[in-house]
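Structure data (PDB, C-alpha atoms) from protein_25.pdb:
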ATOM      1  CA  SER A   1       0.000   0.000   0.000  1.00  0.00           C
ATOM      2  CA  SER A   2       1.099   3.574  -0.479  1.00  0.00           C
ATOM      3  CA  ALA A   3       0.712   6.467   1.910  1.00  0.00           C
ATOM      4  CA  LEU A   4      -0.515   9.907   0.942  1.00  0.00           C
ATOM      5  CA  GLU A   5       1.360  12.720   2.630  1.00  0.00           C
ATOM      6  CA  ILE A   6      -0.498  15.989   2.990  1.00  0.00           C
ATOM      7  CA  CYS A   7       1.573  18.822   4.370  1.00  0.00           C
ATOM      8  CA  GLU A   8       2.910  22.276   3.666  1.00  0.00           C
ATOM      9  CA  HIS A   9       6.090  22.415   1.648  1.00  0.00           C
ATOM     10  CA  ILE A  10       8.923  24.803   2.362  1.00  0.00           C
ATOM     11  CA  LYS A  11       9.772  26.628  -0.822  1.00  0.00           C
ATOM     12  CA  ILE A  12      10.673  30.040  -2.157  1.00  0.00           C
ATOM     13  CA  ASP A  13       7.313  31.709  -2.583  1.00  0.00           C
ATOM     14  CA  GLU A  14       5.581  34.956  -1.586  1.00  0.00           C
ATOM     15  CA  ASN A  15       3.582  32.982   1.002  1.00  0.00           C
ATOM     16  CA  ARG A  16       6.412  30.836   2.332  1.00  0.00           C
ATOM     17  CA  VAL A  17      10.120  31.767   2.210  1.00  0.00           C
ATOM     18  CA  VAL A  18      10.047  35.286   0.817  1.00  0.00           C
ATOM     19  CA  ILE A  19      13.309  35.761  -1.073  1.00  0.00           C
ATOM     20  CA  HIS A  20      14.121  36.467  -4.708  1.00  0.00           C
ATOM     21  CA  PRO A  21      14.144  33.204  -6.746  1.00  0.00           C
ATOM     22  CA  LEU A  22      17.211  32.444  -8.835  1.00  0.00           C
ATOM     23  CA  THR A  23      17.074  31.829 -12.575  1.00  0.00           C
ATOM     24  CA  VAL A  24      19.787  30.373 -14.805  1.00  0.00           C
ATOM     25  CA  LYS A  25      20.615  33.930 -15.928  1.00  0.00           C
ATOM     26  CA  ASP A  26      21.606  34.976 -12.387  1.00  0.00           C
ATOM     27  CA  GLU A  27      25.301  34.145 -12.611  1.00  0.00           C
ATOM     28  CA  THR A  28      27.009  37.420 -11.726  1.00  0.00           C
ATOM     29  CA  TYR A  29      26.973  39.462  -8.560  1.00  0.00           C
ATOM     30  CA  PRO A  30      24.676  40.590  -7.032  1.00  0.00           C
ATOM     31  CA  ALA A  31      22.101  38.344  -8.735  1.00  0.00           C
ATOM     32  CA  VAL A  32      24.096  35.179  -7.985  1.00  0.00           C
ATOM     33  CA  SER A  33      23.968  35.953  -4.239  1.00  0.00           C
ATOM     34  CA  GLY A  34      20.418  34.701  -3.745  1.00  0.00           C
ATOM     35  CA  GLY A  35      17.974  33.328  -3.074  1.00  0.00           C
ATOM     36  CA  TYR A  36      18.961  29.934  -1.812  1.00  0.00           C
ATOM     37  CA  LEU A  37      16.940  27.529   0.297  1.00  0.00           C
ATOM     38  CA  LEU A  38      19.214  25.033   2.025  1.00  0.00           C
ATOM     39  CA  GLU A  39      18.686  21.874   4.012  1.00  0.00           C
ATOM     40  CA  TYR A  40      21.295  20.385   6.289  1.00  0.00           C
ATOM     41  CA  GLY A  41      20.397  16.715   6.194  1.00  0.00           C
ATOM     42  CA  GLU A  42      22.027  13.359   6.693  1.00  0.00           C
ATOM     43  CA  LEU A  43      19.843  11.732   4.030  1.00  0.00           C
ATOM     44  CA  TYR A  44      21.870  13.708   1.473  1.00  0.00           C
ATOM     45  CA  ASP A  45      19.468  12.921  -1.360  1.00  0.00           C
ATOM     46  CA  GLU A  46      19.121  16.195  -3.264  1.00  0.00           C
ATOM     47  CA  LYS A  47      20.592  16.735  -6.733  1.00  0.00           C
ATOM     48  CA  TYR A  48      22.843  19.621  -5.636  1.00  0.00           C
ATOM     49  CA  LYS A  49      24.780  19.109  -2.423  1.00  0.00           C
ATOM     50  CA  PHE A  50      28.187  19.390  -0.780  1.00  0.00           C
ATOM     51  CA  VAL A  51      29.869  18.601   2.508  1.00  0.00           C
ATOM     52  CA  SER A  52      31.000  21.777   4.263  1.00  0.00           C
ATOM     53  CA  SER A  53      34.752  22.155   4.611  1.00  0.00           C
ATOM     54  CA  ARG A  54      35.061  23.126   8.305  1.00  0.00           C
ATOM     55  CA  PHE A  55      32.242  21.192  10.009  1.00  0.00           C
ATOM     56  CA  SER A  56      31.746  18.353   7.498  1.00  0.00           C
ATOM     57  CA  LEU A  57      28.009  19.039   7.422  1.00  0.00           C
ATOM     58  CA  PRO A  58      25.796  17.712   4.612  1.00  0.00           C
ATOM     59  CA  VAL A  59      24.453  20.843   2.912  1.00  0.00           C
ATOM     60  CA  GLN A  60      21.785  20.347   0.276  1.00  0.00           C
ATOM     61  CA  ILE A  61      20.410  23.008  -2.029  1.00  0.00           C
ATOM     62  CA  LYS A  62      16.625  22.669  -2.001  1.00  0.00           C
ATOM     63  CA  GLU A  63      16.007  25.656  -4.270  1.00  0.00           C
ATOM     64  CA  PRO A  64      16.848  26.138  -6.968  1.00  0.00           C
ATOM     65  CA  ASN A  65      16.805  22.361  -7.274  1.00  0.00           C
ATOM     66  CA  ASP A  66      16.755  21.618 -10.979  1.00  0.00           C
ATOM     67  CA  THR A  67      18.440  24.542 -12.748  1.00  0.00           C
ATOM     68  CA  LEU A  68      21.371  25.445 -10.517  1.00  0.00           C
ATOM     69  CA  THR A  69      24.369  26.686 -12.499  1.00  0.00           C
ATOM     70  CA  ASP A  70      28.010  26.109 -11.600  1.00  0.00           C
ATOM     71  CA  ALA A  71      28.395  29.793 -10.674  1.00  0.00           C
ATOM     72  CA  GLN A  72      25.443  29.570  -8.281  1.00  0.00           C
ATOM     73  CA  PHE A  73      26.593  26.301  -6.741  1.00  0.00           C
ATOM     74  CA  ASN A  74      30.099  27.678  -6.185  1.00  0.00           C
ATOM     75  CA  TYR A  75      28.749  30.932  -4.734  1.00  0.00           C
ATOM     76  CA  ILE A  76      26.663  29.308  -1.991  1.00  0.00           C
ATOM     77  CA  LYS A  77      29.279  26.647  -1.274  1.00  0.00           C
ATOM     78  CA  ASP A  78      31.965  29.317  -0.831  1.00  0.00           C
ATOM     79  CA  PHE A  79      29.614  31.422   1.302  1.00  0.00           C
ATOM     80  CA  ILE A  80      28.928  28.522   3.698  1.00  0.00           C
ATOM     81  CA  ASN A  81      32.592  27.498   3.877  1.00  0.00           C
ATOM     82  CA  GLU A  82      33.759  31.078   4.528  1.00  0.00           C
ATOM     83  CA  MET A  83      31.059  31.450   7.204  1.00  0.00           C
ATOM     84  CA  GLU A  84      32.174  28.259   8.923  1.00  0.00           C
ATOM     85  CA  GLY A  85      35.766  29.484   8.885  1.00  0.00           C
ATOM     86  CA  GLU A  86      34.648  32.592  10.765  1.00  0.00           C
ATOM     87  CA  ILE A  87      32.582  30.527  13.219  1.00  0.00           C
ATOM     88  CA  ARG A  88      35.645  28.404  14.024  1.00  0.00           C
ATOM     89  CA  LYS A  89      37.506  31.556  15.114  1.00  0.00           C
ATOM     90  CA  ILE A  90      35.023  32.276  17.935  1.00  0.00           C
ATOM     91  CA  GLY A  91      36.703  31.854  21.301  1.00  0.00           C
ATOM     92  CA  THR A  92      40.222  31.584  19.859  1.00  0.00           C
ATOM     93  CA  GLY A  93      41.207  35.206  20.440  1.00  0.00           C
ATOM     94  CA  GLU A  94      41.287  35.774  16.676  1.00  0.00           C
ATOM     95  CA  GLN A  95      38.766  38.265  15.309  1.00  0.00           C
ATOM     96  CA  SER A  96      35.727  36.489  13.925  1.00  0.00           C
ATOM     97  CA  LEU A  97      33.429  38.041  11.344  1.00  0.00           C
ATOM     98  CA  TRP A  98      30.694  35.433  11.753  1.00  0.00           C
ATOM     99  CA  THR A  99      28.002  38.116  12.174  1.00  0.00           C
ATOM    100  CA  ASP A 100      28.774  39.266   8.614  1.00  0.00           C
ATOM    101  CA  TYR A 101      27.418  35.917   7.426  1.00  0.00           C
ATOM    102  CA  MET A 102      24.734  34.852   9.921  1.00  0.00           C
ATOM    103  CA  ASP A 103      21.523  36.552  11.009  1.00  0.00           C
ATOM    104  CA  ILE A 104      22.034  36.511  14.771  1.00  0.00           C
ATOM    105  CA  ASP A 105      18.359  36.910  15.731  1.00  0.00           C
ATOM    106  CA  SER A 106      17.165  34.003  13.587  1.00  0.00           C
ATOM    107  CA  PHE A 107      19.865  31.686  14.942  1.00  0.00           C
ATOM    108  CA  ALA A 108      18.988  32.701  18.515  1.00  0.00           C
ATOM    109  CA  ASP A 109      15.288  32.076  17.907  1.00  0.00           C
ATOM    110  CA  TYR A 110      15.965  28.756  16.180  1.00  0.00           C
ATOM    111  CA  TRP A 111      18.050  27.614  19.140  1.00  0.00           C
ATOM    112  CA  MET A 112      15.306  28.494  21.622  1.00  0.00           C
ATOM    113  CA  VAL A 113      12.818  26.304  19.761  1.00  0.00           C
ATOM    114  CA  LEU A 114      15.274  23.397  19.544  1.00  0.00           C
ATOM    115  CA  GLU A 115      15.954  23.636  23.252  1.00  0.00           C
ATOM    116  CA  THR A 116      12.264  23.871  24.128  1.00  0.00           C
ATOM    117  CA  VAL A 117      11.064  20.886  22.101  1.00  0.00           C
ATOM    118  CA  ASN A 118      14.210  18.789  22.583  1.00  0.00           C
ATOM    119  CA  ASN A 119      14.457  18.218  18.837  1.00  0.00           C
ATOM    120  CA  TYR A 120      17.127  15.634  18.056  1.00  0.00           C
ATOM    121  CA  GLU A 121      16.453  15.962  14.305  1.00  0.00           C
ATOM    122  CA  ALA A 122      18.491  19.148  14.241  1.00  0.00           C
ATOM    123  CA  TYR A 123      21.414  17.508  16.032  1.00  0.00           C
ATOM    124  CA  LYS A 124      21.879  14.801  13.409  1.00  0.00           C
ATOM    125  CA  PRO A 125      21.441  17.150  11.367  1.00  0.00           C
ATOM    126  CA  ARG A 126      18.240  16.272   9.572  1.00  0.00           C
ATOM    127  CA  SER A 127      15.656  18.587   8.059  1.00  0.00           C
ATOM    128  CA  VAL A 128      17.471  21.724   9.227  1.00  0.00           C
ATOM    129  CA  LYS A 129      16.432  24.531   6.885  1.00  0.00           C
ATOM    130  CA  MET A 130      18.293  27.783   6.239  1.00  0.00           C
ATOM    131  CA  PHE A 131      18.006  30.417   3.554  1.00  0.00           C
ATOM    132  CA  LYS A 132      19.909  33.311   2.051  1.00  0.00           C
ATOM    133  CA  GLY A 133      18.353  36.162   0.122  1.00  0.00           C
ATOM    134  CA  ARG A 134      19.746  38.256  -2.709  1.00  0.00           C
ATOM    135  CA  ASP A 135      22.134  40.987  -1.572  1.00  0.00           C
ATOM    136  CA  GLY A 136      20.607  44.447  -1.676  1.00  0.00           C
ATOM    137  CA  VAL A 137      17.211  43.093  -2.766  1.00  0.00           C
ATOM    138  CA  ASP A 138      15.986  40.785   0.004  1.00  0.00           C
ATOM    139  CA  CYS A 139      17.785  42.886   2.608  1.00  0.00           C
ATOM    140  CA  ALA A 140      18.645  46.586   2.850  1.00  0.00           C
ATOM    141  CA  PRO A 141      20.029  48.202  -0.322  1.00  0.00           C
ATOM    142  CA  GLY A 142      23.803  48.010  -0.468  1.00  0.00           C
ATOM    143  CA  THR A 143      24.040  45.238   2.155  1.00  0.00           C
ATOM    144  CA  VAL A 144      24.878  41.552   2.089  1.00  0.00           C
ATOM    145  CA  CYS A 145      21.953  39.304   3.002  1.00  0.00           C
ATOM    146  CA  LYS A 146      22.902  37.022   5.854  1.00  0.00           C
ATOM    147  CA  LEU A 147      22.084  33.345   6.232  1.00  0.00           C
ATOM    148  CA  LYS A 148      18.921  32.878   8.274  1.00  0.00           C
ATOM    149  CA  ALA A 149      18.030  29.827  10.322  1.00  0.00           C
ATOM    150  CA  GLY A 150      14.665  28.277   9.548  1.00  0.00           C
ATOM    151  CA  PRO A 151      11.938  27.877   8.792  1.00  0.00           C
ATOM    152  CA  LEU A 152      11.329  25.134  11.321  1.00  0.00           C
ATOM    153  CA  TRP A 153      10.502  21.760   9.902  1.00  0.00           C
ATOM    154  CA  ASP A 154      10.112  18.136  10.924  1.00  0.00           C
ATOM    155  CA  GLN A 155      10.017  18.018  14.725  1.00  0.00           C
ATOM    156  CA  GLU A 156       9.206  14.284  14.880  1.00  0.00           C
ATOM    157  CA  LEU A 157      12.161  13.171  17.009  1.00  0.00           C
ATOM    158  CA  PHE A 158      11.404  15.393  19.972  1.00  0.00           C
ATOM    159  CA  LEU A 159      10.002  12.488  22.019  1.00  0.00           C
ATOM    160  CA  VAL A 160      12.989  10.153  21.863  1.00  0.00           C
ATOM    161  CA  ASP A 161      14.530   9.225  25.201  1.00  0.00           C
ATOM    162  CA  HIS A 162      17.980  10.775  25.249  1.00  0.00           C
ATOM    163  CA  VAL A 163      19.983  13.528  26.840  1.00  0.00           C
ATOM    164  CA  PHE A 164      20.091  16.428  24.418  1.00  0.00           C
ATOM    165  CA  ASN A 165      21.648  19.833  24.788  1.00  0.00           C
ATOM    166  CA  SER A 166      21.397  21.920  21.651  1.00  0.00           C
ATOM    167  CA  LYS A 167      24.180  24.218  22.913  1.00  0.00           C
ATOM    168  CA  ASN A 168      26.559  21.449  21.800  1.00  0.00           C
ATOM    169  CA  MET A 169      25.340  21.375  18.192  1.00  0.00           C
ATOM    170  CA  TYR A 170      27.872  22.171  15.444  1.00  0.00           C
ATOM    171  CA  TYR A 171      27.528  25.967  15.066  1.00  0.00           C
ATOM    172  CA  TYR A 172      25.991  26.580  18.474  1.00  0.00           C
ATOM    173  CA  ARG A 173      28.901  25.186  20.460  1.00  0.00           C
ATOM    174  CA  TYR A 174      30.902  28.085  19.016  1.00  0.00           C
ATOM    175  CA  LEU A 175      28.161  30.725  18.989  1.00  0.00           C
ATOM    176  CA  PHE A 176      27.650  30.343  22.733  1.00  0.00           C
ATOM    177  CA  LYS A 177      31.288  31.358  23.239  1.00  0.00           C
ATOM    178  CA  ASP A 178      30.447  34.779  21.800  1.00  0.00           C
ATOM    179  CA  PRO A 179      28.995  37.236  24.359  1.00  0.00           C
ATOM    180  CA  GLN A 180      27.007  38.967  21.614  1.00  0.00           C
ATOM    181  CA  PHE A 181      25.154  35.756  20.798  1.00  0.00           C
ATOM    182  CA  VAL A 182      24.547  34.960  24.471  1.00  0.00           C
ATOM    183  CA  GLU A 183      23.153  38.451  25.051  1.00  0.00           C
ATOM    184  CA  THR A 184      20.913  38.117  21.986  1.00  0.00           C
ATOM    185  CA  VAL A 185      19.409  34.908  23.384  1.00  0.00           C
ATOM    186  CA  LYS A 186      18.888  36.549  26.778  1.00  0.00           C
ATOM    187  CA  ARG A 187      17.272  39.601  25.180  1.00  0.00           C
ATOM    188  CA  ARG A 188      14.924  37.585  22.976  1.00  0.00           C
ATOM    189  CA  TRP A 189      14.014  34.911  25.541  1.00  0.00           C
ATOM    190  CA  PRO A 190      11.291  36.810  27.495  1.00  0.00           C
ATOM    191  CA  ALA A 191       9.108  37.398  24.411  1.00  0.00           C
ATOM    192  CA  TYR A 192       9.624  33.807  23.291  1.00  0.00           C
ATOM    193  CA  ARG A 193       8.849  32.429  26.764  1.00  0.00           C
ATOM    194  CA  ASP A 194       5.663  34.474  27.020  1.00  0.00           C
ATOM    195  CA  SER A 195       4.418  33.166  23.656  1.00  0.00           C
ATOM    196  CA  ILE A 196       4.740  29.478  24.554  1.00  0.00           C
TER     197      ILE A 196
END
Please, can you express the file's structure as structure tokens?
Amino acid sequence: SSALEICEHIKIDENRVVIHPLTVKDETYPAVSGGYLLEYGELYDEKYKFVSSRFSLPVQIKEPNDTLTDAQFNYIKDFINEMEGEIRKIGTGEQSLWTDYMDIDSFADYWMVLETVNNYEAYKPRSVKMFKGRDGVDCAPGTVCKLKAGPLWDQELFLVDHVFNSKNMYYYRYLFKDPQFVETVKRRWPAYRDSI
């Protein structure tokens, strides 16, 4: 027998992830800078994918998923690898420019949800979504759009019996060494707590 799955799909769309969609003509900057919908996932079953150079994470490009050009693939791969290089500098005494790459509020909010629901899916990682918009179009004119965590997806492993601390997850074990990130979580926590 076959099962019918009825659910929302995460995709680039004016009613879902609102960023500029890429076309095959978008091969030079700034057009090549976005939008990308990514999934960090151990299943590693998308057409376009790579393993990140610093954290060895399985990064899959969900959109565009059938017309990605070499220039676009190389752009987002380089962006993620450069970002991870900056994350690795946190806590070493070397200046880290990680906030040039990552949207701090979205990563703080994403962490609070993971911690609240005890979601082991994200630790694997599996079904972890992130997206990057087009520079100067999906963010303020003249600025680089940062990688945003989310949207949330697939929380099915939150009931498994295990000890889980999302502060130890790949990026977060470094982010929590940065006082700016810690203060962002503290600042955003009251509003999040009150909405639960």
Sorted per-residue table, segment 1-38 of chain A near segment 139-144 of chain A, closest atoms and distance, 10 Å, only C-alpha atoms, as a Markdown table:
| residue | atom | partner | partner_atom | distance |
| --- | --- | --- | --- | --- |
| A:Ile19 | CA | A:Cys139 | CA | 9.2 |
| A:Pro30 | CA | A:Val144 | CA | 9.2 |
| A:Ser33 | CA | A:Val144 | CA | 8.5 |
Among listed residues A:Arg193, A:Lys148, A:Arg54, A:Lys25, nearest Asp105 of chain A (using all atoms listed in the file): A:Lys148
3 Å per side around segment 96-100 of chain A: axis-aligned box centre and edge lengths, as JSON:
{"center_x": 31.9, "center_y": 37.3, "center_z": 11.3, "size_x": 13.7, "size_y": 9.8, "size_z": 11.3}
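Note that the spacing between atom CA of Gly41 of chain A and atom CA of Lys186 of chain A amounts to 28.6 Å.
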Evaluate the PyMOL selection byres ((chain A and resi 58-71) around 9) and report residues as a ChimeraX atom specification: /A:11-12,21-28,32,35-52,56-57,72-77,80,125
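Matched in the shown structure by the PyMOL selection byres ((chain A and resi 188) around 12): Ile104, Asp105, Ser106, Phe107, Ala108, Asp109, Tyr110, Trp111, Met112, Val113, Phe181, Val182, Glu183, Thr184, Val185, Lys186, Arg187, Trp189, Pro190, Ala191, Tyr192, Arg193, Asp194 and Ser195 of chain A.
Take atom CA of Pro151 of chain A and atom CA of Val128 of chain A: the distance between them is 8.3 Å.
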Matched chain/residue IDs from the PyMOL selection byres ((chain A and resi 134) around 7), as number ranges by chain: A: 20, 30-31, 33-35, 132-133, 135-138, 145
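Proximity ranking of A:Lys89, A:Met102, A:Met83, A:Tyr170 relative to Lys124 of chain A places A:Tyr170 first, based on all atoms listed in the file.
Between atom CA of Ile196 of chain A and atom CA of Met169 of chain A there is a distance of 23.0 Å.
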Pick from A:Arg126, A:Ile87, A:Gly93, A:Tyr101 nearest to Tyr171 of chain A, counting only C-alpha atoms: A:Ile87
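Across A:Phe131, A:Asn119, A:Gln180, A:Asn81, the tightest approach to Thr99 of chain A is made by A:Gln180 when counting all atoms listed in the file.
Closest approach to Thr116 of chain A from the set A:Ser53, A:Asp13, A:Tyr174, A:Ser166 is made by A:Ser166, with distances taken over only C-alpha atoms.
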